[in-house]
file protein-v5.cif (mmCIF, C-alpha atoms and all ligand atoms)
data_data
#
loop_
_atom_site.group_PDB
_atom_site.id
_atom_site.type_symbol
_atom_site.label_atom_id
_atom_site.label_comp_id
_atom_site.auth_asym_id
_atom_site.auth_seq_id
_atom_site.Cartn_x
_atom_site.Cartn_y
_atom_site.Cartn_z
ATOM 1 C CA MET A 1 20.623 17.765 -16.123
ATOM 2 C CA ASP A 2 20.413 14.366 -17.772
ATOM 3 C CA THR A 3 19.541 11.938 -14.969
ATOM 4 C CA ASN A 4 21.579 9.299 -16.826
ATOM 5 C CA GLU A 5 24.689 11.469 -16.669
ATOM 6 C CA ALA A 6 27.501 9.444 -15.089
ATOM 7 C CA ILE A 7 27.312 9.771 -11.336
ATOM 8 C CA PRO A 8 29.591 8.043 -8.898
ATOM 9 C CA PRO A 9 28.166 4.673 -7.860
ATOM 10 C CA ILE A 10 26.723 4.626 -4.359
ATOM 11 C CA THR A 11 28.583 2.103 -2.260
ATOM 12 C CA ASP A 12 27.027 -0.188 0.338
ATOM 13 C CA GLU A 13 28.883 1.798 2.958
ATOM 14 C CA ASP A 14 27.430 5.139 1.736
ATOM 15 C CA LEU A 15 23.957 3.706 1.795
ATOM 16 C CA GLU A 16 24.396 2.252 5.274
ATOM 17 C CA LEU A 17 25.597 5.642 6.547
ATOM 18 C CA LEU A 18 22.661 7.436 4.970
ATOM 19 C CA LEU A 19 20.130 4.971 6.390
ATOM 20 C CA GLY A 20 21.813 5.276 9.788
ATOM 21 C CA ASP A 21 21.414 9.085 9.633
ATOM 22 C CA ILE A 22 17.709 8.697 8.884
ATOM 23 C CA VAL A 23 17.081 6.294 11.767
ATOM 24 C CA GLU A 24 18.962 8.585 14.105
ATOM 25 C CA ALA A 25 17.269 11.807 13.019
ATOM 26 C CA TYR A 26 13.737 10.635 12.261
ATOM 27 C CA GLY A 27 13.301 7.031 13.460
ATOM 28 C CA TYR A 28 12.500 5.647 9.978
ATOM 29 C CA ASP A 29 14.422 2.448 9.320
ATOM 30 C CA PHE A 30 14.760 1.480 5.657
ATOM 31 C CA SER A 31 17.655 -0.937 6.200
ATOM 32 C CA ALA A 32 15.432 -3.996 5.647
ATOM 33 C CA TYR A 33 14.226 -2.894 2.223
ATOM 34 C CA ALA A 34 15.370 -4.942 -0.776
ATOM 35 C CA TRP A 35 18.874 -3.554 -1.189
ATOM 36 C CA ALA A 36 19.252 -3.396 -4.985
ATOM 37 C CA SER A 37 16.048 -1.457 -5.514
ATOM 38 C CA LEU A 38 16.854 0.876 -2.605
ATOM 39 C CA LYS A 39 20.262 1.631 -4.105
ATOM 40 C CA ARG A 40 18.724 2.379 -7.501
ATOM 41 C CA ARG A 41 16.233 4.766 -5.941
ATOM 42 C CA VAL A 42 18.780 6.620 -3.811
ATOM 43 C CA THR A 43 21.008 6.948 -6.888
ATOM 44 C CA ARG A 44 18.076 8.484 -8.753
ATOM 45 C CA LEU A 45 17.389 10.903 -5.905
ATOM 46 C CA PHE A 46 21.054 11.871 -5.828
ATOM 47 C CA SER A 47 20.968 12.532 -9.535
ATOM 48 C CA ILE A 48 17.740 14.551 -9.720
ATOM 49 C CA GLY A 49 18.668 16.537 -6.598
ATOM 50 C CA ARG A 50 21.909 17.630 -8.337
ATOM 51 C CA PHE A 51 23.967 16.991 -5.223
ATOM 52 C CA ALA A 52 27.667 17.658 -5.654
ATOM 53 C CA SER A 53 28.604 14.748 -3.432
ATOM 54 C CA PHE A 54 27.041 12.016 -1.393
ATOM 55 C CA ALA A 55 28.059 13.890 1.768
ATOM 56 C CA GLU A 56 25.885 16.782 0.560
ATOM 57 C CA LEU A 57 22.861 14.502 0.223
ATOM 58 C CA ARG A 58 23.492 13.181 3.746
ATOM 59 C CA HIS A 59 23.782 16.730 5.056
ATOM 60 C CA ARG A 60 20.502 17.767 3.402
ATOM 61 C CA ILE A 61 18.668 14.800 4.905
ATOM 62 C CA ARG A 62 20.120 15.357 8.358
ATOM 63 C CA THR A 63 19.416 19.078 8.478
ATOM 64 C CA ASP A 64 16.268 19.676 6.384
ATOM 65 C CA ARG A 65 13.152 18.076 7.931
ATOM 66 C CA GLU A 66 11.094 19.213 4.945
ATOM 67 C CA TYR A 67 13.232 17.049 2.690
ATOM 68 C CA LEU A 68 12.341 13.785 4.446
ATOM 69 C CA PRO A 69 8.842 13.372 2.874
ATOM 70 C CA ARG A 70 10.491 13.931 -0.516
ATOM 71 C CA PHE A 71 13.015 11.208 0.293
ATOM 72 C CA ILE A 72 10.257 8.799 1.407
ATOM 73 C CA GLU A 73 8.270 9.535 -1.731
ATOM 74 C CA GLU A 74 11.272 8.825 -3.903
ATOM 75 C CA ILE A 75 12.392 5.588 -2.322
ATOM 76 C CA THR A 76 8.963 4.025 -1.915
ATOM 77 C CA VAL A 77 7.192 2.840 -5.049
ATOM 78 C CA ASN A 78 3.676 4.273 -5.184
ATOM 79 C CA VAL A 79 2.495 2.687 -8.423
ATOM 80 C CA THR A 80 -1.124 1.611 -8.088
ATOM 81 C CA GLU A 81 -4.396 1.505 -10.006
ATOM 82 C CA MET A 82 -8.100 0.917 -9.472
ATOM 83 C CA PHE A 83 -9.196 -2.715 -9.607
ATOM 84 C CA ARG A 84 -5.573 -3.731 -10.090
ATOM 85 C CA ASP A 85 -5.591 -7.445 -11.061
ATOM 86 C CA PRO A 86 -9.358 -7.513 -11.701
ATOM 87 C CA SER A 87 -9.472 -11.275 -11.018
ATOM 88 C CA PHE A 88 -8.455 -10.521 -7.421
ATOM 89 C CA PHE A 89 -11.585 -8.387 -6.996
ATOM 90 C CA ARG A 90 -13.704 -11.139 -8.546
ATOM 91 C CA ALA A 91 -12.287 -13.601 -6.021
ATOM 92 C CA LEU A 92 -12.978 -11.113 -3.249
ATOM 93 C CA LYS A 93 -16.596 -10.906 -4.249
ATOM 94 C CA GLN A 94 -17.105 -14.607 -4.710
ATOM 95 C CA GLU A 95 -14.966 -16.102 -1.961
ATOM 96 C CA ILE A 96 -14.592 -13.519 0.811
ATOM 97 C CA PHE A 97 -17.694 -11.336 0.823
ATOM 98 C CA PRO A 98 -20.047 -14.230 1.721
ATOM 99 C CA ALA A 99 -17.974 -14.791 4.897
ATOM 100 C CA LEU A 100 -17.730 -11.041 5.651
ATOM 101 C CA SER A 101 -21.496 -10.705 5.321
ATOM 102 C CA THR A 102 -21.929 -12.800 8.486
ATOM 103 C CA TYR A 103 -20.322 -10.056 10.657
ATOM 104 C CA PRO A 104 -22.373 -7.143 12.053
ATOM 105 C CA PHE A 105 -19.323 -4.845 11.664
ATOM 106 C CA ILE A 106 -16.670 -5.376 9.046
ATOM 107 C CA ARG A 107 -13.158 -4.036 9.591
ATOM 108 C CA ILE A 108 -10.717 -4.030 6.690
ATOM 109 C CA TRP A 109 -7.117 -2.807 6.648
ATOM 110 C CA HIS A 110 -5.326 -1.729 3.477
ATOM 111 C CA ALA A 111 -1.660 -1.641 4.536
ATOM 112 C CA GLY A 112 0.491 0.202 1.985
ATOM 113 C CA CYS A 113 -2.549 1.814 0.330
ATOM 114 C CA SER A 114 -0.488 4.301 -1.699
ATOM 115 C CA THR A 115 -2.716 7.034 -3.189
ATOM 116 C CA GLY A 116 -5.903 5.114 -2.406
ATOM 117 C CA GLU A 117 -7.077 3.680 -5.736
ATOM 118 C CA GLU A 118 -7.269 0.184 -4.210
ATOM 119 C CA VAL A 119 -9.280 1.490 -1.253
ATOM 120 C CA TYR A 120 -11.921 3.161 -3.441
ATOM 121 C CA SER A 121 -12.111 -0.050 -5.492
ATOM 122 C CA MET A 122 -12.775 -2.034 -2.313
ATOM 123 C CA ALA A 123 -15.470 0.416 -1.175
ATOM 124 C CA ILE A 124 -17.228 0.155 -4.540
ATOM 125 C CA MET A 125 -17.212 -3.650 -4.411
ATOM 126 C CA LEU A 126 -18.535 -3.592 -0.826
ATOM 127 C CA HIS A 127 -21.249 -1.138 -1.849
ATOM 128 C CA GLU A 128 -22.355 -3.415 -4.672
ATOM 129 C CA ALA A 129 -22.487 -6.376 -2.289
ATOM 130 C CA ASN A 130 -24.611 -4.273 0.097
ATOM 131 C CA LEU A 131 -21.897 -4.483 2.776
ATOM 132 C CA LEU A 132 -20.411 -0.988 2.762
ATOM 133 C CA HIS A 133 -22.884 0.470 5.285
ATOM 134 C CA ARG A 134 -21.457 -1.785 8.014
ATOM 135 C CA ALA A 135 -17.820 -1.600 6.986
ATOM 136 C CA VAL A 136 -14.890 0.566 8.053
ATOM 137 C CA ILE A 137 -11.844 0.529 5.814
ATOM 138 C CA TYR A 138 -8.581 1.590 7.468
ATOM 139 C CA ALA A 139 -6.077 2.729 4.861
ATOM 140 C CA THR A 140 -2.464 3.311 5.840
ATOM 141 C CA ASP A 141 0.856 4.022 4.178
ATOM 142 C CA ILE A 142 4.313 5.120 5.282
ATOM 143 C CA SER A 143 4.215 8.065 2.867
ATOM 144 C CA PRO A 144 2.410 11.166 4.221
ATOM 145 C CA ALA A 145 2.035 12.514 0.668
ATOM 146 C CA ALA A 146 0.376 9.291 -0.527
ATOM 147 C CA VAL A 147 -2.021 9.224 2.450
ATOM 148 C CA LYS A 148 -2.972 12.874 1.892
ATOM 149 C CA GLN A 149 -3.714 12.195 -1.754
ATOM 150 C CA ALA A 150 -5.708 9.043 -0.865
ATOM 151 C CA ALA A 151 -7.819 10.917 1.699
ATOM 152 C CA SER A 152 -8.660 13.628 -0.837
ATOM 153 C CA GLY A 153 -10.666 11.162 -2.960
ATOM 154 C CA LEU A 154 -9.173 12.698 -6.088
ATOM 155 C CA VAL A 155 -7.862 10.624 -8.976
ATOM 156 C CA PRO A 156 -6.429 11.926 -12.288
ATOM 157 C CA ILE A 157 -9.080 11.729 -14.982
ATOM 158 C CA ARG A 158 -6.634 10.404 -17.582
ATOM 159 C CA HIS A 159 -6.677 6.969 -15.925
ATOM 160 C CA MET A 160 -10.456 6.586 -15.760
ATOM 161 C CA LYS A 161 -10.912 4.787 -19.097
ATOM 162 C CA GLN A 162 -8.549 2.040 -17.991
ATOM 163 C CA TYR A 163 -10.156 1.910 -14.534
ATOM 164 C CA ALA A 164 -13.633 1.573 -16.082
ATOM 165 C CA ARG A 165 -12.373 -1.426 -18.071
ATOM 166 C CA ASN A 166 -10.831 -2.943 -14.923
ATOM 167 C CA TYR A 167 -14.099 -2.344 -13.039
ATOM 168 C CA ILE A 168 -16.094 -4.322 -15.583
ATOM 169 C CA GLU A 169 -13.496 -7.104 -15.629
ATOM 170 C CA ALA A 170 -13.614 -7.171 -11.826
ATOM 171 C CA GLY A 171 -17.356 -7.909 -11.967
ATOM 172 C CA GLY A 172 -18.673 -4.377 -11.324
ATOM 173 C CA ILE A 173 -22.426 -4.164 -11.874
ATOM 174 C CA ASN A 174 -23.256 -0.439 -12.044
ATOM 175 C CA ASP A 175 -22.333 2.524 -14.164
ATOM 176 C CA PHE A 176 -18.778 3.224 -12.932
ATOM 177 C CA SER A 177 -19.118 6.961 -13.595
ATOM 178 C CA ALA A 178 -21.940 7.151 -11.010
ATOM 179 C CA TYR A 179 -19.300 6.839 -8.251
ATOM 180 C CA TYR A 180 -17.540 10.122 -8.988
ATOM 181 C CA THR A 181 -17.893 13.625 -10.302
ATOM 182 C CA ALA A 182 -15.405 14.943 -12.823
ATOM 183 C CA SER A 183 -13.958 18.416 -12.892
ATOM 184 C CA ASN A 184 -11.010 19.649 -14.934
ATOM 185 C CA ASN A 185 -8.446 16.920 -15.005
ATOM 186 C CA GLN A 186 -9.511 15.063 -11.877
ATOM 187 C CA VAL A 187 -12.410 13.027 -10.574
ATOM 188 C CA LEU A 188 -13.687 13.169 -7.006
ATOM 189 C CA PHE A 189 -15.110 9.979 -5.483
ATOM 190 C CA ARG A 190 -18.443 10.318 -3.707
ATOM 191 C CA ASP A 191 -18.686 10.993 0.028
ATOM 192 C CA GLU A 192 -20.844 7.865 0.446
ATOM 193 C CA LEU A 193 -17.684 5.878 -0.280
ATOM 194 C CA ARG A 194 -15.276 8.127 1.624
ATOM 195 C CA LYS A 195 -17.233 8.235 4.855
ATOM 196 C CA HIS A 196 -16.404 4.566 5.458
ATOM 197 C CA MET A 197 -12.658 5.161 5.237
ATOM 198 C CA VAL A 198 -10.091 6.119 7.866
ATOM 199 C CA PHE A 199 -6.703 7.272 6.530
ATOM 200 C CA SER A 200 -3.485 7.428 8.504
ATOM 201 C CA THR A 201 0.250 7.065 8.160
ATOM 202 C CA HIS A 202 1.552 3.770 9.548
ATOM 203 C CA ASN A 203 5.006 2.249 9.145
ATOM 204 C CA LEU A 204 4.960 -1.527 8.753
ATOM 205 C CA ALA A 205 8.666 -1.643 9.609
ATOM 206 C CA SER A 206 8.316 -0.182 13.089
ATOM 207 C CA GLU A 207 4.731 0.247 14.276
ATOM 208 C CA THR A 208 2.400 -2.132 16.055
ATOM 209 C CA SER A 209 -1.059 -3.465 15.465
ATOM 210 C CA PHE A 210 -3.904 -0.974 16.019
ATOM 211 C CA ASN A 211 -7.078 -3.059 15.659
ATOM 212 C CA GLN A 212 -8.506 -6.475 14.822
ATOM 213 C CA PHE A 213 -9.618 -7.055 11.255
ATOM 214 C CA GLN A 214 -11.523 -9.614 9.240
ATOM 215 C CA LEU A 215 -9.603 -8.728 6.083
ATOM 216 C CA ILE A 216 -6.124 -7.305 5.566
ATOM 217 C CA CYS A 217 -4.993 -6.344 2.062
ATOM 218 C CA CYS A 218 -1.301 -5.722 1.672
ATOM 219 C CA ARG A 219 -0.701 -6.029 -2.021
ATOM 220 C CA ASN A 220 2.544 -5.225 -3.798
ATOM 221 C CA VAL A 221 4.322 -3.957 -0.686
ATOM 222 C CA LEU A 222 6.227 -6.988 0.656
ATOM 223 C CA ILE A 223 8.176 -7.360 -2.597
ATOM 224 C CA TYR A 224 10.169 -4.286 -1.526
ATOM 225 C CA PHE A 225 11.154 -5.807 1.845
ATOM 226 C CA ASN A 226 13.860 -8.323 2.725
ATOM 227 C CA SER A 227 12.847 -11.613 4.342
ATOM 228 C CA ALA A 228 13.405 -10.419 7.936
ATOM 229 C CA LEU A 229 11.109 -7.439 7.442
ATOM 230 C CA GLN A 230 8.560 -9.615 5.650
ATOM 231 C CA GLU A 231 8.542 -11.893 8.704
ATOM 232 C CA ARG A 232 7.942 -8.893 10.982
ATOM 233 C CA VAL A 233 5.007 -7.831 8.850
ATOM 234 C CA PHE A 234 3.482 -11.339 8.724
ATOM 235 C CA ASN A 235 3.685 -11.440 12.499
ATOM 236 C CA LEU A 236 1.987 -8.029 12.724
ATOM 237 C CA PHE A 237 -0.784 -9.182 10.390
ATOM 238 C CA ASP A 238 -1.191 -12.432 12.320
ATOM 239 C CA GLN A 239 -1.722 -10.389 15.512
ATOM 240 C CA SER A 240 -4.135 -8.068 13.710
ATOM 241 C CA LEU A 241 -6.330 -10.710 12.071
ATOM 242 C CA GLU A 242 -9.283 -12.288 13.786
ATOM 243 C CA ARG A 243 -9.582 -16.055 13.615
ATOM 244 C CA PHE A 244 -11.121 -16.922 10.210
ATOM 245 C CA GLY A 245 -9.948 -13.570 8.880
ATOM 246 C CA PHE A 246 -8.395 -13.173 5.410
ATOM 247 C CA LEU A 247 -5.026 -11.906 4.229
ATOM 248 C CA ALA A 248 -4.650 -10.776 0.613
ATOM 249 C CA LEU A 249 -1.216 -10.253 -0.961
ATOM 250 C CA GLY A 250 -0.014 -9.121 -4.393
ATOM 251 C CA SER A 251 0.288 -11.418 -7.384
ATOM 252 C CA LYS A 252 4.053 -11.906 -6.897
ATOM 253 C CA GLU A 253 3.868 -12.374 -3.125
ATOM 254 C CA SER A 254 3.316 -15.373 -0.873
ATOM 255 C CA MET A 255 3.070 -16.103 2.832
ATOM 256 C CA ARG A 256 4.613 -19.555 2.466
ATOM 257 C CA ALA A 257 7.842 -18.537 4.246
ATOM 258 C CA ALA A 258 6.031 -16.984 7.227
ATOM 259 C CA GLN A 259 6.446 -18.650 10.611
ATOM 260 C CA CYS A 260 2.686 -18.451 11.191
ATOM 261 C CA TYR A 261 1.995 -20.185 7.863
ATOM 262 C CA ASN A 262 0.695 -23.376 9.483
ATOM 263 C CA ARG A 263 -2.268 -21.435 10.881
ATOM 264 C CA TYR A 264 -3.319 -20.345 7.383
ATOM 265 C CA LYS A 265 -4.885 -21.982 4.363
ATOM 266 C CA GLN A 266 -4.711 -20.552 0.865
ATOM 267 C CA ILE A 267 -8.307 -20.248 -0.308
ATOM 268 C CA SER A 268 -7.749 -18.706 -3.719
ATOM 269 C CA LYS A 269 -4.983 -18.704 -6.277
ATOM 270 C CA GLN A 270 -5.499 -14.909 -6.294
ATOM 271 C CA LYS A 271 -3.134 -14.859 -3.286
ATOM 272 C CA ILE A 272 -5.742 -14.963 -0.532
ATOM 273 C CA TRP A 273 -5.141 -16.872 2.721
ATOM 274 C CA ARG A 274 -7.507 -17.577 5.595
ATOM 275 C CA LYS A 275 -6.502 -17.813 9.244
ATOM 276 C CA ILE A 276 -7.874 -21.153 10.341
ATOM 277 C CA ALA A 277 -6.350 -21.578 13.808
HETATM 278 C C1 LIG B 1 3.485 -0.393 -5.096
HETATM 279 S S1 LIG B 1 2.547 0.435 -3.845
HETATM 280 C C2 LIG B 1 1.174 -0.679 -3.650
HETATM 281 C C3 LIG B 1 -0.138 0.044 -3.567
HETATM 282 C C4 LIG B 1 -1.386 -0.837 -3.531
HETATM 283 N N1 LIG B 1 -1.379 -1.709 -2.378
HETATM 284 C C5 LIG B 1 -1.519 -1.637 -4.800
HETATM 285 O O1 LIG B 1 -1.284 -2.854 -4.785
HETATM 286 O O2 LIG B 1 -1.862 -1.057 -5.843
HETATM 287 C C6 LIG B 1 3.545 0.114 -2.375
HETATM 288 C C7 LIG B 1 3.181 1.037 -1.226
HETATM 289 O O3 LIG B 1 3.808 0.545 -0.030
HETATM 290 C C8 LIG B 1 4.167 1.658 0.758
HETATM 291 N N2 LIG B 1 5.183 1.293 1.741
HETATM 292 C C9 LIG B 1 6.507 1.079 1.551
HETATM 293 N N3 LIG B 1 7.122 0.845 2.724
HETATM 294 C C10 LIG B 1 6.148 0.873 3.679
HETATM 295 C C11 LIG B 1 6.157 0.711 5.095
HETATM 296 N N4 LIG B 1 7.300 0.442 5.757
HETATM 297 N N5 LIG B 1 4.994 0.830 5.762
HETATM 298 C C12 LIG B 1 3.839 1.111 5.104
HETATM 299 N N6 LIG B 1 3.764 1.288 3.769
HETATM 300 C C13 LIG B 1 4.908 1.169 3.061
HETATM 301 C C14 LIG B 1 4.672 2.663 -0.269
HETATM 302 O O4 LIG B 1 4.681 3.999 0.227
HETATM 303 C C15 LIG B 1 3.677 2.449 -1.420
HETATM 304 O O5 LIG B 1 2.624 3.362 -1.366
#

call {"tool": "encode", "arguments": {"input": "protein-v5.cif", "output": "structure tokens", "more": "lines below"}}
Ligand SMILES: C[S@@+](CC[C@H](N)C(=O)[O-])C[C@H]1O[C@@H](n2cnc3c(N)ncnc32)[C@H](O)[C@@H]1O
result
Amino acid sequence: MDTNEAIPPITDEDLELLLGDIVEAYGYDFSAYAWASLKRRVTRLFSIGRFASFAELRHRIRTDREYLPRFIEEITVNVTEMFRDPSFFRALKQEIFPALSTYPFIRIWHAGCSTGEEVYSMAIMLHEANLLHRAVIYATDISPAAVKQAASGLVPIRHMKQYARNYIEAGGINDFSAYYTASNNQVLFRDELRKHMVFSTHNLASETSFNQFQLICCRNVLIYFNSALQERVFNLFDQSLERFGFLALGSKESMRAAQCYNRYKQISKQKIWRKIA
């Protein structure tokens, strides 16, 4: 079936009903996601699932628990890469690591880690700064499939050329290929990196803080949320950050609208803020 084949437009009312079903049946609330992108993604799901009607899609979601992870996968955007925005990783090394090196234990949270490429990038940078041995990196995402993939340490080999270029641009100092072993069409990152990581599902829209961190990275996640949900998440991060801790966002994101903004100072144009009060 051609996914562009004309399908009836999904109305706001349809979408509200569907999201209501999901909250009721599973407790996941997507109603504060940016509406236009949500609608596009549900339309796509409707089309590729070959549902005869919107009621049929609602029925499937309400009655088939196995279908929910598929739904989450489809409506969340999992695009990621290693050393994404290499200049961010340079800033990390130059402006944050010196402060982190003063702590005996370093706790970092990657919220919305997707399939983990960003987490392995962080571990490599910490290793090269001789900080990994005292660090724990908590990596969470709403999508169980993404978390499972991240925890496996496996990355498709076809991306590695690009990632090696990003690594060098990010200021990497070793032979990138020393961090993984390749087999067939995948690479497996070394246990020395993975043993400092803790993976778990965590929903930023509904769950609470679970630790205190010196660095929280939540890059390219808030763009999918409306302003009320963004405020919830800023509040959660504010509660989860130690004083003088750092918050890193994606290149198109800002914490300027957050209510806690006056306690933060932007320390890098690479979207890094520090909690100063
Ligand atoms: C575009 S990816 C960003 C991945 C990575 N941080 C990066 O910058 O490359 C956005 C991720 O946010 C996750 N996400 C969306 N809604 C979420 C929520 N409510 N709680 C936690 N993670 C969420 C998605 O599953 C997805 O993996």

call {"tool": "resolve_selection", "arguments": {"input": "protein-v5.cif", "expression": "the PyMOL selection byres (((not hetatm)) within 6 of (chain B and resi 1))", "output": "NGL selection string"}}
result
:A and (76-81 or 112-114 or 118 or 141-143 or 202-205 or 218-221)

call {"tool": "closest_atom_pairs", "arguments": {"input": "protein-v5.cif", "of": "stretch 100-134 of chain A", "to": "stretch 165-181 of chain A", "cutoff": "10 Å", "atoms": "only C-alpha atoms", "output": "Markdown table"}}
result
| residue | atom | partner | partner_atom | distance |
| --- | --- | --- | --- | --- |
| A:Tyr120 | CA | A:Tyr179 | CA | 9.5 |
| A:Ser121 | CA | A:Tyr167 | CA | 8.1 |
| A:Ile124 | CA | A:Tyr179 | CA | 7.9 |
| A:Met125 | CA | A:Gly172 | CA | 7.1 |
| A:Glu128 | CA | A:Ile173 | CA | 7.2 |
| A:Ala129 | CA | A:Ile173 | CA | 9.8 |

call {"tool": "write_last_selection", "arguments": {"input": "protein-v5.cif", "atoms": "C-alpha atoms", "output": "compact mmCIF listing (two decimals), in the frame of the given file"}}
result
# COMPACT_ATOMS: atom_id res chain seq x y z
CA TYR A 120 -11.92 3.16 -3.44
CA SER A 121 -12.11 -0.05 -5.49
CA ILE A 124 -17.23 0.16 -4.54
CA MET A 125 -17.21 -3.65 -4.41
CA GLU A 128 -22.36 -3.42 -4.67
CA ALA A 129 -22.49 -6.38 -2.29

call {"tool": "atom_distance", "arguments": {"input": "protein-v5.cif", "atom1": "atom CA of A:Phe189", "atom2": "atom CA of A:Leu154"}}
result
6.6 Å

call {"tool": "atom_distance", "arguments": {"input": "protein-v5.cif", "atom1": "atom CA of A:Met122", "atom2": "atom CA of A:Pro69"}}
result
27.0 Å

call {"tool": "closest_residue", "arguments": {"input": "protein-v5.cif", "among": "A:Trp273, A:Tyr264, A:Tyr138, A:Phe71", "to": "A:Leu249", "atoms": "only C-alpha atoms"}}
result
A:Trp273

call {"tool": "atom_distance", "arguments": {"input": "protein-v5.cif", "atom1": "atom CA of A:Arg263", "atom2": "atom CA of A:Ala99"}}
result
18.1 Å

call {"tool": "resolve_selection", "arguments": {"input": "protein-v5.cif", "expression": "the PyMOL selection byres (((chain A and resi 198) around 7) and not hetatm)", "output": "PyMOL selection string"}}
result
chain A and resi 137-139+196-197+199-200

call {"tool": "write_last_selection", "arguments": {"input": "protein-v5.cif", "atoms": "C-alpha atoms", "output": "PDB file, keeping the file's coordinate frame"}}
result
ATOM      1  CA  ILE A 137     -11.844   0.529   5.814  1.00  0.00           C
ATOM      2  CA  TYR A 138      -8.581   1.590   7.468  1.00  0.00           C
ATOM      3  CA  ALA A 139      -6.077   2.729   4.861  1.00  0.00           C
ATOM      4  CA  HIS A 196     -16.404   4.566   5.458  1.00  0.00           C
ATOM      5  CA  MET A 197     -12.658   5.161   5.237  1.00  0.00           C
ATOM      6  CA  PHE A 199      -6.703   7.272   6.530  1.00  0.00           C
ATOM      7  CA  SER A 200      -3.485   7.428   8.504  1.00  0.00           C
TER       8      SER A 200
END

call {"tool": "residues_around", "arguments": {"input": "protein-v5.cif", "residues": "stretch 25-38 of chain A", "least_positions_apart": "4", "cutoff": "10 Å", "atoms": "all atoms listed in the file", "output": "count of residues only"}}
result
33

call {"tool": "resolve_selection", "arguments": {"input": "protein-v5.cif", "expression": "the PyMOL selection byres (((chain A and resi 152) around 10) and not hetatm)", "output": "JSON list (two decimals) with C-alpha atoms, in the frame of the given file"}}
result
[["chain", "number", "residue", "atom", "x", "y", "z"],
["A", 115, "THR", "CA", -2.72, 7.03, -3.19],
["A", 116, "GLY", "CA", -5.90, 5.11, -2.41],
["A", 147, "VAL", "CA", -2.02, 9.22, 2.45],
["A", 148, "LYS", "CA", -2.97, 12.87, 1.89],
["A", 149, "GLN", "CA", -3.71, 12.20, -1.75],
["A", 150, "ALA", "CA", -5.71, 9.04, -0.86],
["A", 151, "ALA", "CA", -7.82, 10.92, 1.70],
["A", 153, "GLY", "CA", -10.67, 11.16, -2.96],
["A", 154, "LEU", "CA", -9.17, 12.70, -6.09],
["A", 155, "VAL", "CA", -7.86, 10.62, -8.98],
["A", 188, "LEU", "CA", -13.69, 13.17, -7.01],
["A", 189, "PHE", "CA", -15.11, 9.98, -5.48],
["A", 194, "ARG", "CA", -15.28, 8.13, 1.62],
["A", 199, "PHE", "CA", -6.70, 7.27, 6.53]]

call {"tool": "residues_around", "arguments": {"input": "protein-v5.cif", "residues": "A:Ser251", "least_positions_apart": "2", "cutoff": "7 Å", "atoms": "only C-alpha atoms", "output": "ChimeraX atom specification"}}
result
/A:249,253,270-271

call {"tool": "write_last_selection", "arguments": {"input": "protein-v5.cif", "atoms": "C-alpha atoms", "output": "PDB file, in the coordinates of the input"}}
result
ATOM      1  CA  LEU A 249      -1.216 -10.253  -0.961  1.00  0.00           C
ATOM      2  CA  GLU A 253       3.868 -12.374  -3.125  1.00  0.00           C
ATOM      3  CA  GLN A 270      -5.499 -14.909  -6.294  1.00  0.00           C
ATOM      4  CA  LYS A 271      -3.134 -14.859  -3.286  1.00  0.00           C
TER       5      LYS A 271
END

call {"tool": "closest_residue", "arguments": {"input": "protein-v5.cif", "among": "A:Leu215, A:Glu95, A:Phe244, A:Phe234", "to": "A:Arg256", "atoms": "all atoms listed in the file"}}
result
A:Phe234

call {"tool": "axis_aligned_box", "arguments": {"input": "protein-v5.cif", "around": "stretch 77-83 of chain A", "padding_each_side": "4 Å", "output": "AutoDock Vina command-line options"}}
result
--center_x -1.0 --center_y 0.8 --center_z -7.5 --size_x 24.4 --size_y 15.0 --size_z 13.0

call {"tool": "closest_residue", "arguments": {"input": "protein-v5.cif", "among": "A:Phe51, A:Thr201, A:Thr208, A:Arg274", "to": "A:Pro144", "atoms": "all atoms listed in the file"}}
result
A:Thr201

call {"tool": "residues_around", "arguments": {"input": "protein-v5.cif", "residues": "A:Ile267", "least_positions_apart": "5", "cutoff": "12 Å", "atoms": "all atoms listed in the file", "output": "list of chain:residue names"}}
result
A:Ala91, A:Leu92, A:Gln94, A:Glu95, A:Ile96, A:Phe244, A:Gly245, A:Phe246, A:Leu247, A:Ala248, A:Ile272, A:Trp273, A:Arg274, A:Lys275, A:Ile276

call {"tool": "closest_residue", "arguments": {"input": "protein-v5.cif", "among": "A:Gly49, A:Leu100, A:Ala55, A:Arg232", "to": "A:Tyr67", "atoms": "only C-alpha atoms"}}
result
A:Gly49

call {"tool": "decode", "arguments": {"input": "protein-v5.cif", "residues": "stretch 231-244 of chain A", "atoms": "C-alpha atoms", "output": "short mmCIF file (atom, residue, chain, number, x, y, z; two decimals), in the first residue's frame"}}
result
data_model
loop_
_atom_site.label_atom_id
_atom_site.label_comp_id
_atom_site.auth_asym_id
_atom_site.auth_seq_id
_atom_site.Cartn_x
_atom_site.Cartn_y
_atom_site.Cartn_z
CA GLU A 231 7.88 23.58 32.00
CA ARG A 232 7.18 20.29 33.81
CA VAL A 233 10.44 18.87 32.52
CA PHE A 234 12.48 21.97 33.47
CA ASN A 235 11.05 21.70 36.96
CA LEU A 236 11.99 18.00 37.11
CA PHE A 237 15.53 18.79 35.96
CA ASP A 238 15.81 21.65 38.45
CA GLN A 239 14.90 19.21 41.25
CA SER A 240 17.36 16.64 39.90
CA LEU A 241 20.38 18.92 39.48
CA GLU A 242 22.81 19.64 42.26
CA ARG A 243 23.77 23.26 42.83
CA PHE A 244 26.47 24.14 40.26
#
